[in-house]
>>> print(open('my_file-v7.pdb').read())   # PDB, C-alpha atoms, pLDDT in the B column
ATOM      1  CA  MET A   1       0.461 -22.532 -48.979  1.00 42.00           C
ATOM      2  CA  PRO A   2      -0.245 -22.186 -45.231  1.00 45.00           C
ATOM      3  CA  THR A   3       0.103 -18.648 -43.931  1.00 54.00           C
ATOM      4  CA  SER A   4       0.439 -19.266 -40.221  1.00 73.00           C
ATOM      5  CA  ASP A   5       4.139 -19.406 -39.452  1.00 94.00           C
ATOM      6  CA  VAL A   6       7.281 -17.303 -39.868  1.00 97.00           C
ATOM      7  CA  LEU A   7      10.724 -18.857 -39.493  1.00 98.00           C
ATOM      8  CA  ILE A   8      13.271 -16.264 -38.317  1.00 98.00           C
ATOM      9  CA  TYR A   9      16.799 -17.504 -38.921  1.00 98.00           C
ATOM     10  CA  THR A  10      19.734 -15.830 -37.178  1.00 98.00           C
ATOM     11  CA  ARG A  11      22.721 -18.152 -37.608  1.00 98.00           C
ATOM     12  CA  THR A  12      26.105 -16.597 -38.390  1.00 98.00           C
ATOM     13  CA  THR A  13      29.456 -18.145 -39.273  1.00 98.00           C
ATOM     14  CA  GLY A  14      31.049 -14.762 -39.997  1.00 95.00           C
ATOM     15  CA  TYR A  15      30.607 -11.345 -38.393  1.00 96.00           C
ATOM     16  CA  ARG A  16      27.723 -11.248 -35.924  1.00 97.00           C
ATOM     17  CA  HIS A  17      25.686  -8.061 -35.530  1.00 97.00           C
ATOM     18  CA  ASP A  18      24.662  -6.984 -32.046  1.00 98.00           C
ATOM     19  CA  SER A  19      21.258  -6.074 -33.477  1.00 98.00           C
ATOM     20  CA  ILE A  20      20.265  -9.655 -34.324  1.00 98.00           C
ATOM     21  CA  PRO A  21      18.205 -10.189 -31.132  1.00 98.00           C
ATOM     22  CA  ASP A  22      16.421  -6.876 -31.713  1.00 98.00           C
ATOM     23  CA  GLY A  23      15.678  -7.782 -35.320  1.00 98.00           C
ATOM     24  CA  ALA A  24      14.366 -11.190 -34.337  1.00 98.00           C
ATOM     25  CA  ALA A  25      12.182  -9.642 -31.631  1.00 98.00           C
ATOM     26  CA  ALA A  26      10.767  -7.067 -34.064  1.00 98.00           C
ATOM     27  CA  LEU A  27       9.929  -9.689 -36.697  1.00 98.00           C
ATOM     28  CA  THR A  28       8.346 -11.861 -34.015  1.00 98.00           C
ATOM     29  CA  GLU A  29       6.138  -8.978 -32.926  1.00 98.00           C
ATOM     30  CA  LEU A  30       5.182  -8.110 -36.512  1.00 98.00           C
ATOM     31  CA  ALA A  31       4.288 -11.743 -37.205  1.00 97.00           C
ATOM     32  CA  GLU A  32       2.214 -12.028 -34.038  1.00 96.00           C
ATOM     33  CA  GLU A  33       0.339  -8.834 -34.929  1.00 96.00           C
ATOM     34  CA  ARG A  34      -0.900 -10.740 -37.990  1.00 94.00           C
ATOM     35  CA  GLY A  35      -1.933 -13.734 -35.930  1.00 94.00           C
ATOM     36  CA  TRP A  36       1.009 -15.804 -37.095  1.00 95.00           C
ATOM     37  CA  THR A  37       3.367 -17.934 -35.031  1.00 95.00           C
ATOM     38  CA  ALA A  38       7.052 -16.975 -35.165  1.00 97.00           C
ATOM     39  CA  GLU A  39      10.000 -19.226 -34.450  1.00 97.00           C
ATOM     40  CA  VAL A  40      13.521 -17.857 -33.973  1.00 98.00           C
ATOM     41  CA  THR A  41      16.243 -20.406 -34.584  1.00 98.00           C
ATOM     42  CA  GLU A  42      19.903 -20.862 -35.447  1.00 98.00           C
ATOM     43  CA  ASP A  43      19.456 -24.541 -36.258  1.00 98.00           C
ATOM     44  CA  PRO A  44      20.136 -25.329 -39.923  1.00 98.00           C
ATOM     45  CA  GLY A  45      18.141 -28.500 -39.361  1.00 98.00           C
ATOM     46  CA  ALA A  46      14.984 -26.368 -39.465  1.00 97.00           C
ATOM     47  CA  PHE A  47      15.295 -26.148 -43.247  1.00 98.00           C
ATOM     48  CA  THR A  48      13.394 -29.278 -44.201  1.00 98.00           C
ATOM     49  CA  PRO A  49      10.539 -29.617 -46.683  1.00 97.00           C
ATOM     50  CA  GLU A  50       8.154 -30.471 -43.844  1.00 96.00           C
ATOM     51  CA  ARG A  51       9.091 -27.477 -41.677  1.00 96.00           C
ATOM     52  CA  LEU A  52       9.157 -25.002 -44.557  1.00 97.00           C
ATOM     53  CA  ALA A  53       5.760 -26.169 -45.780  1.00 96.00           C
ATOM     54  CA  ARG A  54       4.238 -24.519 -42.688  1.00 95.00           C
ATOM     55  CA  CYS A  55       5.898 -21.150 -43.367  1.00 96.00           C
ATOM     56  CA  ALA A  56       4.192 -18.088 -44.727  1.00 96.00           C
ATOM     57  CA  ALA A  57       7.672 -16.561 -44.873  1.00 97.00           C
ATOM     58  CA  VAL A  58      11.276 -17.037 -43.832  1.00 98.00           C
ATOM     59  CA  ALA A  59      13.346 -14.102 -42.551  1.00 98.00           C
ATOM     60  CA  LEU A  60      17.152 -14.036 -42.539  1.00 98.00           C
ATOM     61  CA  ILE A  61      18.282 -11.474 -39.960  1.00 98.00           C
ATOM     62  CA  SER A  62      21.904 -10.480 -40.664  1.00 98.00           C
ATOM     63  CA  THR A  63      22.974 -14.050 -41.321  1.00 98.00           C
ATOM     64  CA  THR A  64      26.606 -14.179 -42.461  1.00 98.00           C
ATOM     65  CA  GLY A  65      28.777 -16.888 -43.952  1.00 98.00           C
ATOM     66  CA  THR A  66      27.626 -20.388 -44.814  1.00 98.00           C
ATOM     67  CA  VAL A  67      24.579 -20.975 -42.647  1.00 98.00           C
ATOM     68  CA  LEU A  68      22.762 -23.804 -44.450  1.00 98.00           C
ATOM     69  CA  THR A  69      23.577 -27.432 -45.144  1.00 98.00           C
ATOM     70  CA  PRO A  70      23.406 -28.816 -48.683  1.00 98.00           C
ATOM     71  CA  GLU A  71      20.124 -30.504 -47.747  1.00 98.00           C
ATOM     72  CA  GLY A  72      18.812 -27.242 -46.295  1.00 98.00           C
ATOM     73  CA  ARG A  73      19.718 -25.360 -49.456  1.00 98.00           C
ATOM     74  CA  ALA A  74      17.828 -27.843 -51.602  1.00 98.00           C
ATOM     75  CA  ALA A  75      14.744 -27.664 -49.375  1.00 98.00           C
ATOM     76  CA  PHE A  76      14.870 -23.866 -49.209  1.00 98.00           C
ATOM     77  CA  GLU A  77      15.200 -23.444 -52.971  1.00 98.00           C
ATOM     78  CA  ALA A  78      12.270 -25.792 -53.548  1.00 98.00           C
ATOM     79  CA  TYR A  79      10.211 -23.880 -50.978  1.00 98.00           C
ATOM     80  CA  LEU A  80      10.885 -20.526 -52.652  1.00 98.00           C
ATOM     81  CA  ARG A  81      10.322 -21.749 -56.182  1.00 98.00           C
ATOM     82  CA  GLY A  82       7.112 -23.423 -55.062  1.00 98.00           C
ATOM     83  CA  GLY A  83       5.529 -20.261 -53.681  1.00 97.00           C
ATOM     84  CA  GLY A  84       7.466 -19.457 -50.512  1.00 97.00           C
ATOM     85  CA  ALA A  85       8.674 -16.064 -49.347  1.00 98.00           C
ATOM     86  CA  LEU A  86      12.038 -14.768 -48.123  1.00 98.00           C
ATOM     87  CA  LEU A  87      12.835 -11.510 -46.338  1.00 98.00           C
ATOM     88  CA  ALA A  88      16.603 -10.940 -46.217  1.00 98.00           C
ATOM     89  CA  VAL A  89      17.745  -8.177 -43.856  1.00 98.00           C
ATOM     90  CA  HIS A  90      21.045  -6.245 -43.776  1.00 98.00           C
ATOM     91  CA  ALA A  91      24.026  -8.630 -43.489  1.00 98.00           C
ATOM     92  CA  ALA A  92      22.013 -11.416 -45.085  1.00 98.00           C
ATOM     93  CA  ALA A  93      23.634  -9.927 -48.207  1.00 98.00           C
ATOM     94  CA  ASN A  94      26.805 -11.607 -46.943  1.00 97.00           C
ATOM     95  CA  ALA A  95      25.270 -15.061 -46.418  1.00 98.00           C
ATOM     96  CA  GLU A  96      25.808 -18.238 -48.429  1.00 98.00           C
ATOM     97  CA  PRO A  97      28.716 -16.851 -50.503  1.00 97.00           C
ATOM     98  CA  ASP A  98      29.175 -20.051 -52.483  1.00 97.00           C
ATOM     99  CA  TRP A  99      25.521 -20.873 -53.175  1.00 98.00           C
ATOM    100  CA  PRO A 100      24.722 -19.777 -56.741  1.00 97.00           C
ATOM    101  CA  PHE A 101      20.939 -19.771 -56.237  1.00 98.00           C
ATOM    102  CA  TYR A 102      21.170 -17.310 -53.347  1.00 98.00           C
ATOM    103  CA  GLY A 103      23.499 -15.101 -55.357  1.00 97.00           C
ATOM    104  CA  GLU A 104      20.967 -15.095 -58.182  1.00 97.00           C
ATOM    105  CA  LEU A 105      18.214 -14.102 -55.746  1.00 97.00           C
ATOM    106  CA  LEU A 106      20.252 -11.149 -54.472  1.00 98.00           C
ATOM    107  CA  GLY A 107      21.435 -10.187 -57.921  1.00 98.00           C
ATOM    108  CA  THR A 108      24.735  -9.011 -56.424  1.00 98.00           C
ATOM    109  CA  ARG A 109      26.982  -9.543 -53.391  1.00 97.00           C
ATOM    110  CA  PHE A 110      28.039  -7.490 -50.370  1.00 97.00           C
ATOM    111  CA  ASP A 111      31.173  -5.414 -50.975  1.00 97.00           C
ATOM    112  CA  GLY A 112      31.874  -3.627 -47.706  1.00 97.00           C
ATOM    113  CA  HIS A 113      30.619  -0.405 -46.160  1.00 98.00           C
ATOM    114  CA  PRO A 114      31.883   2.915 -44.813  1.00 98.00           C
ATOM    115  CA  GLU A 115      31.586   3.973 -41.175  1.00 98.00           C
ATOM    116  CA  ILE A 116      28.115   4.297 -39.695  1.00 98.00           C
ATOM    117  CA  GLN A 117      26.810   7.773 -40.510  1.00 98.00           C
ATOM    118  CA  PRO A 118      23.650   9.689 -41.355  1.00 98.00           C
ATOM    119  CA  GLY A 119      22.470  10.045 -44.936  1.00 98.00           C
ATOM    120  CA  LEU A 120      19.334  10.016 -47.067  1.00 98.00           C
ATOM    121  CA  VAL A 121      17.350   7.101 -48.447  1.00 98.00           C
ATOM    122  CA  LEU A 122      15.562   7.939 -51.715  1.00 98.00           C
ATOM    123  CA  VAL A 123      12.297   6.048 -52.149  1.00 98.00           C
ATOM    124  CA  ASP A 124      11.807   5.105 -55.803  1.00 97.00           C
ATOM    125  CA  ASP A 125       8.585   3.117 -55.523  1.00 97.00           C
ATOM    126  CA  ASN A 126       5.791   4.668 -53.472  1.00 95.00           C
ATOM    127  CA  ASP A 127       3.337   1.947 -54.471  1.00 97.00           C
ATOM    128  CA  HIS A 128       5.167  -0.989 -52.909  1.00 98.00           C
ATOM    129  CA  PRO A 129       3.989  -1.910 -49.385  1.00 98.00           C
ATOM    130  CA  ALA A 130       7.575  -1.973 -48.072  1.00 98.00           C
ATOM    131  CA  THR A 131       8.302   1.619 -49.069  1.00 98.00           C
ATOM    132  CA  ALA A 132       4.833   3.188 -49.159  1.00 98.00           C
ATOM    133  CA  PRO A 133       5.073   4.147 -45.429  1.00 97.00           C
ATOM    134  CA  LEU A 134       8.362   6.008 -45.954  1.00 98.00           C
ATOM    135  CA  PRO A 135       8.970   9.628 -46.957  1.00 98.00           C
ATOM    136  CA  ALA A 136      10.391  10.231 -50.429  1.00 98.00           C
ATOM    137  CA  ARG A 137      13.639  11.460 -48.852  1.00 98.00           C
ATOM    138  CA  TRP A 138      14.170   9.550 -45.632  1.00 98.00           C
ATOM    139  CA  ALA A 139      16.853  10.717 -43.203  1.00 98.00           C
ATOM    140  CA  TRP A 140      18.540   7.604 -41.846  1.00 98.00           C
ATOM    141  CA  THR A 141      21.707   6.387 -40.127  1.00 98.00           C
ATOM    142  CA  ASP A 142      23.224   3.062 -41.162  1.00 98.00           C
ATOM    143  CA  GLU A 143      26.280   1.356 -42.641  1.00 97.00           C
ATOM    144  CA  TRP A 144      25.276   2.147 -46.251  1.00 98.00           C
ATOM    145  CA  TYR A 145      26.268  -1.140 -47.827  1.00 98.00           C
ATOM    146  CA  ASN A 146      28.128  -1.230 -51.119  1.00 98.00           C
ATOM    147  CA  PHE A 147      27.714  -4.132 -53.544  1.00 98.00           C
ATOM    148  CA  THR A 148      29.865  -5.868 -56.125  1.00 97.00           C
ATOM    149  CA  SER A 149      27.499  -4.854 -58.931  1.00 96.00           C
ATOM    150  CA  ASP A 150      24.224  -3.045 -59.545  1.00 96.00           C
ATOM    151  CA  PRO A 151      21.453  -5.576 -58.807  1.00 97.00           C
ATOM    152  CA  ARG A 152      19.208  -3.706 -61.239  1.00 96.00           C
ATOM    153  CA  ALA A 153      21.022  -5.511 -64.050  1.00 94.00           C
ATOM    154  CA  SER A 154      19.739  -8.855 -62.724  1.00 96.00           C
ATOM    155  CA  GLY A 155      16.112  -7.802 -63.127  1.00 97.00           C
ATOM    156  CA  VAL A 156      15.150  -6.905 -59.576  1.00 98.00           C
ATOM    157  CA  ARG A 157      12.584  -4.209 -58.784  1.00 98.00           C
ATOM    158  CA  ILE A 158      14.406  -1.371 -57.022  1.00 98.00           C
ATOM    159  CA  LEU A 159      12.356   0.161 -54.215  1.00 98.00           C
ATOM    160  CA  ALA A 160      14.828   2.564 -52.592  1.00 98.00           C
ATOM    161  CA  ARG A 161      18.338   3.918 -53.132  1.00 98.00           C
ATOM    162  CA  ALA A 162      21.046   5.701 -51.163  1.00 98.00           C
ATOM    163  CA  ASP A 163      21.793   9.349 -51.914  1.00 98.00           C
ATOM    164  CA  GLU A 164      25.588   9.174 -51.995  1.00 98.00           C
ATOM    165  CA  THR A 165      25.871  12.960 -51.911  1.00 98.00           C
ATOM    166  CA  THR A 166      24.666  12.899 -48.290  1.00 98.00           C
ATOM    167  CA  TYR A 167      27.336  10.609 -46.797  1.00 98.00           C
ATOM    168  CA  ARG A 168      30.912   9.414 -47.348  1.00 98.00           C
ATOM    169  CA  GLY A 169      32.033   6.102 -48.813  1.00 98.00           C
ATOM    170  CA  GLY A 170      29.462   5.161 -51.442  1.00 98.00           C
ATOM    171  CA  THR A 171      30.762   3.347 -54.534  1.00 98.00           C
ATOM    172  CA  HIS A 172      27.755   3.264 -56.895  1.00 97.00           C
ATOM    173  CA  GLY A 173      27.227   6.897 -57.790  1.00 97.00           C
ATOM    174  CA  THR A 174      23.737   8.153 -58.558  1.00 95.00           C
ATOM    175  CA  ASP A 175      22.205   4.672 -58.713  1.00 97.00           C
ATOM    176  CA  HIS A 176      22.890   2.968 -55.372  1.00 98.00           C
ATOM    177  CA  PRO A 177      20.138   0.414 -54.640  1.00 98.00           C
ATOM    178  CA  LEU A 178      19.375  -0.361 -50.987  1.00 98.00           C
ATOM    179  CA  VAL A 179      16.007  -2.129 -51.070  1.00 98.00           C
ATOM    180  CA  TRP A 180      14.759  -4.392 -53.831  1.00 98.00           C
ATOM    181  CA  CYS A 181      12.538  -7.358 -54.547  1.00 98.00           C
ATOM    182  CA  ARG A 182      11.840  -9.983 -57.156  1.00 98.00           C
ATOM    183  CA  GLU A 183       9.647 -12.960 -57.909  1.00 97.00           C
ATOM    184  CA  VAL A 184      11.261 -16.349 -58.359  1.00 96.00           C
ATOM    185  CA  ASP A 185       8.991 -18.863 -60.072  1.00 97.00           C
ATOM    186  CA  ARG A 186       5.947 -18.841 -57.744  1.00 97.00           C
ATOM    187  CA  GLY A 187       7.825 -17.374 -54.754  1.00 98.00           C
ATOM    188  CA  ARG A 188       8.860 -13.897 -53.646  1.00 98.00           C
ATOM    189  CA  PHE A 189      12.082 -12.369 -52.316  1.00 98.00           C
ATOM    190  CA  LEU A 190      12.776  -8.974 -50.740  1.00 98.00           C
ATOM    191  CA  PHE A 191      16.078  -7.581 -49.496  1.00 98.00           C
ATOM    192  CA  THR A 192      16.709  -4.494 -47.387  1.00 98.00           C
ATOM    193  CA  ALA A 193      20.282  -3.378 -46.782  1.00 98.00           C
ATOM    194  CA  LEU A 194      19.146  -1.334 -43.776  1.00 98.00           C
ATOM    195  CA  GLY A 195      19.113  -2.587 -40.198  1.00 98.00           C
ATOM    196  CA  HIS A 196      22.556  -2.351 -38.632  1.00 98.00           C
ATOM    197  CA  ALA A 197      21.867  -0.890 -35.187  1.00 98.00           C
ATOM    198  CA  PRO A 198      19.751  -2.403 -32.399  1.00 98.00           C
ATOM    199  CA  GLU A 199      17.649   0.738 -32.072  1.00 98.00           C
ATOM    200  CA  THR A 200      16.750   0.481 -35.768  1.00 97.00           C
ATOM    201  CA  TYR A 201      14.224  -2.215 -34.938  1.00 98.00           C
ATOM    202  CA  ARG A 202      12.365   0.039 -32.516  1.00 98.00           C
ATOM    203  CA  ASP A 203      12.045   2.842 -35.056  1.00 98.00           C
ATOM    204  CA  PRO A 204       8.396   3.139 -36.201  1.00 98.00           C
ATOM    205  CA  ALA A 205       9.284   3.913 -39.817  1.00 98.00           C
ATOM    206  CA  PHE A 206      11.665   0.975 -40.088  1.00 98.00           C
ATOM    207  CA  ARG A 207       9.149  -1.359 -38.486  1.00 98.00           C
ATOM    208  CA  ALA A 208       6.561  -0.142 -41.008  1.00 98.00           C
ATOM    209  CA  HIS A 209       9.126  -0.914 -43.723  1.00 98.00           C
ATOM    210  CA  LEU A 210       9.502  -4.494 -42.470  1.00 98.00           C
ATOM    211  CA  SER A 211       5.761  -4.910 -41.980  1.00 98.00           C
ATOM    212  CA  GLY A 212       5.128  -3.754 -45.538  1.00 98.00           C
ATOM    213  CA  ALA A 213       7.746  -6.192 -46.773  1.00 98.00           C
ATOM    214  CA  LEU A 214       5.865  -9.045 -45.074  1.00 98.00           C
ATOM    215  CA  THR A 215       2.621  -7.807 -46.624  1.00 97.00           C
ATOM    216  CA  TRP A 216       4.063  -7.997 -50.131  1.00 98.00           C
ATOM    217  CA  LEU A 217       5.882 -11.258 -49.569  1.00 98.00           C
ATOM    218  CA  THR A 218       2.774 -13.067 -48.376  1.00 96.00           C
ATOM    219  CA  ALA A 219       0.183 -11.473 -50.666  1.00 93.00           C
TER
END
>>> encode(input="my_file-v7.pdb", output="structure tokens")
Amino acid sequence: MPTSDVLIYTRTTGYRHDSIPDGAAALTELAEERGWTAEVTEDPGAFTPERLARCAAVALISTTGTVLTPEGRAAFEAYLRGGGALLAVHAAANAEPDWPFYGELLGTRFDGHPEIQPGLVLVDDNDHPATAPLPARWAWTDEWYNFTSDPRASGVRILARADETTYRGGTHGTDHPLVWCREVDRGRFLFTALGHAPETYRDPAFRAHLSGALTWLTA
């Protein structure tokens, strides 16, 4: 599979985060640092077999609602199963609510969040490139997403969790996944629930988190 292009998709049909331009800019910079070409688009017509065949990875930056056509879904699923890579960031957990394949990738669905507040991220997997740059207990401010179920039950590899004792409004107890990944046939998928605020994408630790995610996805 060619490793020269990253498609950064930012379409929303639901809530739209102010941080989307910052996220797209950060992913563009991280791609260009690797010598790749990045394209930022909101055009669902970009999801064709021909366009996806040029992609080392696709990134969904806080996409919400139904953002793909039926034809785009079919092309995207084939791309991922055939060896493609998907990085889903923050509100991408609330995308494609009626597409079973995407729900299976996530292993759960978005179920709201408390107010933005500081808390601690607990890194479970120090060996994964996405979390290796982070401290074991990472002080962070975000929306601390809750989910409809524990994605661990779907077979994902949990990389980091929220420490619910350090903020208000968590609904998962001691096991509150925030970052996880999985392989799907020959492809790879990684989700991070972090990334609400614009300034997030200028934070060196968070950028290292995203860069490590790209490293794993395209290995």
>>> residues_around(input="my_file-v7.pdb", residues="stretch 125-135 of chain A", least_positions_apart="3", cutoff="10 Å", atoms="all atoms listed in the file", output="VMD selection string")
chain A and resid 121 to 122 138 to 139 157 to 160 179 to 181 190 192 204 to 217
>>> residues_around(input="my_file-v7.pdb", residues="stretch 140-153 of chain A", least_positions_apart="5", cutoff="9 Å", atoms="all atoms listed in the file", output="ChimeraX atom specification")
/A:90-91,93,106-121,158,162,167,169-172,175-178,180,193-197,200
>>> write_last_selection(input="my_file-v7.pdb", atoms="C-alpha atoms", output="JSON list (two decimals), in the frame of the given file")
[["chain", "number", "residue", "atom", "x", "y", "z"],
["A", 90, "HIS", "CA", 21.04, -6.24, -43.78],
["A", 91, "ALA", "CA", 24.03, -8.63, -43.49],
["A", 93, "ALA", "CA", 23.63, -9.93, -48.21],
["A", 106, "LEU", "CA", 20.25, -11.15, -54.47],
["A", 107, "GLY", "CA", 21.44, -10.19, -57.92],
["A", 108, "THR", "CA", 24.74, -9.01, -56.42],
["A", 109, "ARG", "CA", 26.98, -9.54, -53.39],
["A", 110, "PHE", "CA", 28.04, -7.49, -50.37],
["A", 111, "ASP", "CA", 31.17, -5.41, -50.98],
["A", 112, "GLY", "CA", 31.87, -3.63, -47.71],
["A", 113, "HIS", "CA", 30.62, -0.40, -46.16],
["A", 114, "PRO", "CA", 31.88, 2.92, -44.81],
["A", 115, "GLU", "CA", 31.59, 3.97, -41.18],
["A", 116, "ILE", "CA", 28.12, 4.30, -39.70],
["A", 117, "GLN", "CA", 26.81, 7.77, -40.51],
["A", 118, "PRO", "CA", 23.65, 9.69, -41.36],
["A", 119, "GLY", "CA", 22.47, 10.04, -44.94],
["A", 120, "LEU", "CA", 19.33, 10.02, -47.07],
["A", 121, "VAL", "CA", 17.35, 7.10, -48.45],
["A", 158, "ILE", "CA", 14.41, -1.37, -57.02],
["A", 162, "ALA", "CA", 21.05, 5.70, -51.16],
["A", 167, "TYR", "CA", 27.34, 10.61, -46.80],
["A", 169, "GLY", "CA", 32.03, 6.10, -48.81],
["A", 170, "GLY", "CA", 29.46, 5.16, -51.44],
["A", 171, "THR", "CA", 30.76, 3.35, -54.53],
["A", 172, "HIS", "CA", 27.76, 3.26, -56.90],
["A", 175, "ASP", "CA", 22.20, 4.67, -58.71],
["A", 176, "HIS", "CA", 22.89, 2.97, -55.37],
["A", 177, "PRO", "CA", 20.14, 0.41, -54.64],
["A", 178, "LEU", "CA", 19.38, -0.36, -50.99],
["A", 180, "TRP", "CA", 14.76, -4.39, -53.83],
["A", 193, "ALA", "CA", 20.28, -3.38, -46.78],
["A", 194, "LEU", "CA", 19.15, -1.33, -43.78],
["A", 195, "GLY", "CA", 19.11, -2.59, -40.20],
["A", 196, "HIS", "CA", 22.56, -2.35, -38.63],
["A", 197, "ALA", "CA", 21.87, -0.89, -35.19],
["A", 200, "THR", "CA", 16.75, 0.48, -35.77]]
>>> closest_residue(input="my_file-v7.pdb", among="A:Val123, A:Leu105, A:Val184, A:Ala219", to="A:Asp163", atoms="only C-alpha atoms")
A:Val123
>>> resolve_selection(input="my_file-v7.pdb", expression="the PyMOL selection byres ((chain A and resi 87) around 7)", output="VMD selection string")
chain A and resid 58 to 60 85 to 86 88 to 89 189 to 191
>>> residues_around(input="my_file-v7.pdb", residues="stretch 14-23 of chain A", least_positions_apart="6", cutoff="7 Å", atoms="only C-alpha atoms", output="ChimeraX atom specification")
/A:61-62,64-65,196-198,201
>>> atom_distance(input="my_file-v7.pdb", atom1="atom CA of A:Arg34", atom2="atom CA of A:Arg202")
17.9 Å
>>> atom_distance(input="my_file-v7.pdb", atom1="atom CA of A:Gly35", atom2="atom CA of A:Gly83")
20.3 Å
>>> decode(input="my_file-v7.pdb", residues="stretch 132-169 of chain A", atoms="C-alpha atoms", output="PDB file, in the first residue's frame")
ATOM      1  CA  ALA A 132       5.024   5.774  24.942  1.00  0.00           C
ATOM      2  CA  PRO A 133       5.739   9.566  24.924  1.00  0.00           C
ATOM      3  CA  LEU A 134       3.280  10.205  27.771  1.00  0.00           C
ATOM      4  CA  PRO A 135       3.838  10.084  31.533  1.00  0.00           C
ATOM      5  CA  ALA A 136       2.185   7.232  33.423  1.00  0.00           C
ATOM      6  CA  ARG A 137      -0.122   9.742  35.132  1.00  0.00           C
ATOM      7  CA  TRP A 138      -0.772  12.571  32.708  1.00  0.00           C
ATOM      8  CA  ALA A 139      -2.443  15.746  33.966  1.00  0.00           C
ATOM      9  CA  TRP A 140      -4.881  16.847  31.277  1.00  0.00           C
ATOM     10  CA  THR A 141      -7.955  19.007  30.685  1.00  0.00           C
ATOM     11  CA  ASP A 142     -10.693  17.749  28.372  1.00  0.00           C
ATOM     12  CA  GLU A 143     -14.349  16.743  28.129  1.00  0.00           C
ATOM     13  CA  TRP A 144     -13.722  13.217  29.485  1.00  0.00           C
ATOM     14  CA  TYR A 145     -16.050  11.326  27.186  1.00  0.00           C
ATOM     15  CA  ASN A 146     -18.323   8.618  28.529  1.00  0.00           C
ATOM     16  CA  PHE A 147     -19.354   5.657  26.374  1.00  0.00           C
ATOM     17  CA  THR A 148     -22.363   3.380  26.112  1.00  0.00           C
ATOM     18  CA  SER A 149     -20.273   0.338  27.047  1.00  0.00           C
ATOM     19  CA  ASP A 150     -16.713  -0.683  27.862  1.00  0.00           C
ATOM     20  CA  PRO A 151     -14.935  -1.123  24.504  1.00  0.00           C
ATOM     21  CA  ARG A 152     -12.594  -3.618  26.163  1.00  0.00           C
ATOM     22  CA  ALA A 153     -15.354  -6.206  25.795  1.00  0.00           C
ATOM     23  CA  SER A 154     -15.140  -5.887  21.995  1.00  0.00           C
ATOM     24  CA  GLY A 155     -11.489  -6.934  21.955  1.00  0.00           C
ATOM     25  CA  VAL A 156      -9.717  -3.611  21.560  1.00  0.00           C
ATOM     26  CA  ARG A 157      -6.273  -2.954  23.039  1.00  0.00           C
ATOM     27  CA  ILE A 158      -6.669  -0.301  25.737  1.00  0.00           C
ATOM     28  CA  LEU A 159      -3.788   2.176  25.784  1.00  0.00           C
ATOM     29  CA  ALA A 160      -4.958   4.768  28.319  1.00  0.00           C
ATOM     30  CA  ARG A 161      -7.802   5.348  30.773  1.00  0.00           C
ATOM     31  CA  ALA A 162      -9.354   8.209  32.722  1.00  0.00           C
ATOM     32  CA  ASP A 163      -8.874   8.368  36.487  1.00  0.00           C
ATOM     33  CA  GLU A 164     -12.447   9.161  37.508  1.00  0.00           C
ATOM     34  CA  THR A 165     -11.358  10.030  41.041  1.00  0.00           C
ATOM     35  CA  THR A 166      -9.689  13.180  39.676  1.00  0.00           C
ATOM     36  CA  TYR A 167     -12.720  14.801  38.007  1.00  0.00           C
ATOM     37  CA  ARG A 168     -16.527  14.901  38.149  1.00  0.00           C
ATOM     38  CA  GLY A 169     -18.964  13.142  35.839  1.00  0.00           C
TER      39      GLY A 169
END
